[in-house]
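K.L.:
One structure, as structure tokens, below. Some questions next.
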Amino acid sequence: MGLLDSFEKGLERAVNSAFAKTFRSGIQPVEIASALRSELDKKAAVVSRDRILAPNTFVVRLSPADDEKMSAIGDALTHELDTLVHKHAKKQGYSFAGPVTITLRRDEQVATGTLRVDSSTAQGGQVTWRGVVDIAGKRHPLAKGRTVIGRGSDATITISDAGTSRKHVEILWDGERAMVRDLGSTNGTMLDGRKVTESALPPDSTVTIGRTDIVFHVVAQAAPPPRPTMSAEDATRAYDLREQGPLS
């Protein structure tokens, strides 16, 4: 460790100690998020012209008091932190060697109001990709090749929105490609603010039906799920639509 590194480490410890003495309420979630972003930027390494590898395994060490407070938030905090890490990596052009894992761990050696992040680049066995949709704060995996969304009880995912049809829209996913298709709804379907009847569905895009936003994500996981199946006709159609871009 060079002299400058030693100085910066010492400064970081001094700032953290001052923070702990001033703000007795302890760590806030936004500070964990900031620390994870900083860890990504510090540890990202260029491995080729087109690839910057970032750590994908994070352990956030908290004081007992802060750990208890964060635990009360539950899985929602971990989900938000995971989303933030992926968004920051995408913005910076980072890639991961395996699924992202974030663990909050109690550490008796950490003072209240401070935190420490340990990270590493851990490559899982076989990384596969899973399609999911986020609706009203809840994440739904796309376990089947065809997922119907609407207000009817016979839809795959039922939503409480009077502005939607009983079977309003369907999302097709085959493990690699996704497509969204309006099912003849009364009020129509929007994809990232543009009305569509059917279209390729890019990751992190938003489908709006009625007053409901449906955000589509592709996430990594170590254990491969059963692969959804899409009909050959729809798979070909999804590929063509992806090449053409959104269709109105």
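Letters A, B, ... mark the chains of the structure tokens in the order given; residue numbers begin at 1 per chain; ligand numbers begin at 1, in order shown.
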Which residues are close to Gly193 of chain A, i.e. within 9 Å by only C-alpha atoms, leaving aside same-chain residues fewer than 5 positions away? Reply as a ChimeraX atom specification.
P.N.:
/A:206-208
K.L.:
As a PyMOL selection string, which residues of segment 36-142 of chain A does DSSP assign to helix (DSSP H, G or I)?
P.N.:
chain A and resi 36-43+64-73+75-92
K.L.:
Show me a table, sorted first by chain and then by increasing residue number, of the residues of segment 122-173 of chain A having an atom at most 12 Å from segment 76-94 of chain A, each with its shortest atom pair and the distance in Å to one decimal, counting only C-alpha atoms and written as CSV.
P.N.:
residue,atom,partner,partner_atom,distance
A:Asp134,CA,A:His79,CA,11.2
A:Gly137,CA,A:Ala76,CA,8.9
A:Lys138,CA,A:Ala76,CA,9.5
A:Arg139,CA,A:His79,CA,9.5
K.L.:
Can you pull out the residues contacting Val215 of chain A? Cut-off 12 Å, using only C-alpha atoms, and skip same-chain residues under 6 positions away; I want them as a count of residues only.
P.N.:
25
K.L.:
What parts of segment 107-161 of chain A does DSSP call strand (DSSP E)? I'd like the answer as a PyMOL selection string.
P.N.:
chain A and resi 115-120+128-135+138-141+146-150+157-158
K.L.:
With C-alpha atoms kept, could you save the residues just selected as a PDB file, in the first residue's frame?
P.N.:
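Saved file again06.pdb follows:
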ATOM      1  CA  LEU A 115     -19.868   0.418   7.669  1.00  0.00           C
ATOM      2  CA  ARG A 116     -17.347  -1.664   5.771  1.00  0.00           C
ATOM      3  CA  VAL A 117     -17.830  -3.309   2.404  1.00  0.00           C
ATOM      4  CA  ASP A 118     -15.871  -6.402   1.374  1.00  0.00           C
ATOM      5  CA  SER A 119     -16.200  -7.470  -2.237  1.00  0.00           C
ATOM      6  CA  SER A 120     -14.883 -10.095  -4.585  1.00  0.00           C
ATOM      7  CA  THR A 128     -28.318 -18.502 -16.466  1.00  0.00           C
ATOM      8  CA  TRP A 129     -30.697 -15.643 -17.096  1.00  0.00           C
ATOM      9  CA  ARG A 130     -34.205 -15.293 -15.754  1.00  0.00           C
ATOM     10  CA  GLY A 131     -36.923 -12.957 -16.955  1.00  0.00           C
ATOM     11  CA  VAL A 132     -38.892 -11.132 -14.250  1.00  0.00           C
ATOM     12  CA  VAL A 133     -41.428  -8.319 -14.099  1.00  0.00           C
ATOM     13  CA  ASP A 134     -41.790  -5.803 -11.283  1.00  0.00           C
ATOM     14  CA  ILE A 135     -45.357  -4.670 -10.617  1.00  0.00           C
ATOM     15  CA  LYS A 138     -43.538  -7.019  -6.222  1.00  0.00           C
ATOM     16  CA  ARG A 139     -41.302  -9.156  -8.426  1.00  0.00           C
ATOM     17  CA  HIS A 140     -42.839 -11.941 -10.517  1.00  0.00           C
ATOM     18  CA  PRO A 141     -40.608 -14.507 -12.270  1.00  0.00           C
ATOM     19  CA  ARG A 146     -46.434 -17.046 -21.935  1.00  0.00           C
ATOM     20  CA  THR A 147     -47.503 -14.795 -19.069  1.00  0.00           C
ATOM     21  CA  VAL A 148     -50.885 -13.058 -19.280  1.00  0.00           C
ATOM     22  CA  ILE A 149     -51.409  -9.912 -17.192  1.00  0.00           C
ATOM     23  CA  GLY A 150     -54.765  -8.268 -16.496  1.00  0.00           C
ATOM     24  CA  ILE A 157     -50.742 -12.222 -12.954  1.00  0.00           C
ATOM     25  CA  THR A 158     -53.856 -10.460 -11.682  1.00  0.00           C
TER      26      THR A 158
END
K.L.:
Tell me, in Å to one decimal, how far atom CA of Ser153 of chain A is from atom CA of Arg166 of chain A.
P.N.:
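Taking atom CA of Ser153 of chain A as the start and atom CA of Arg166 of chain A as the end point, the length is 7.7 Å.
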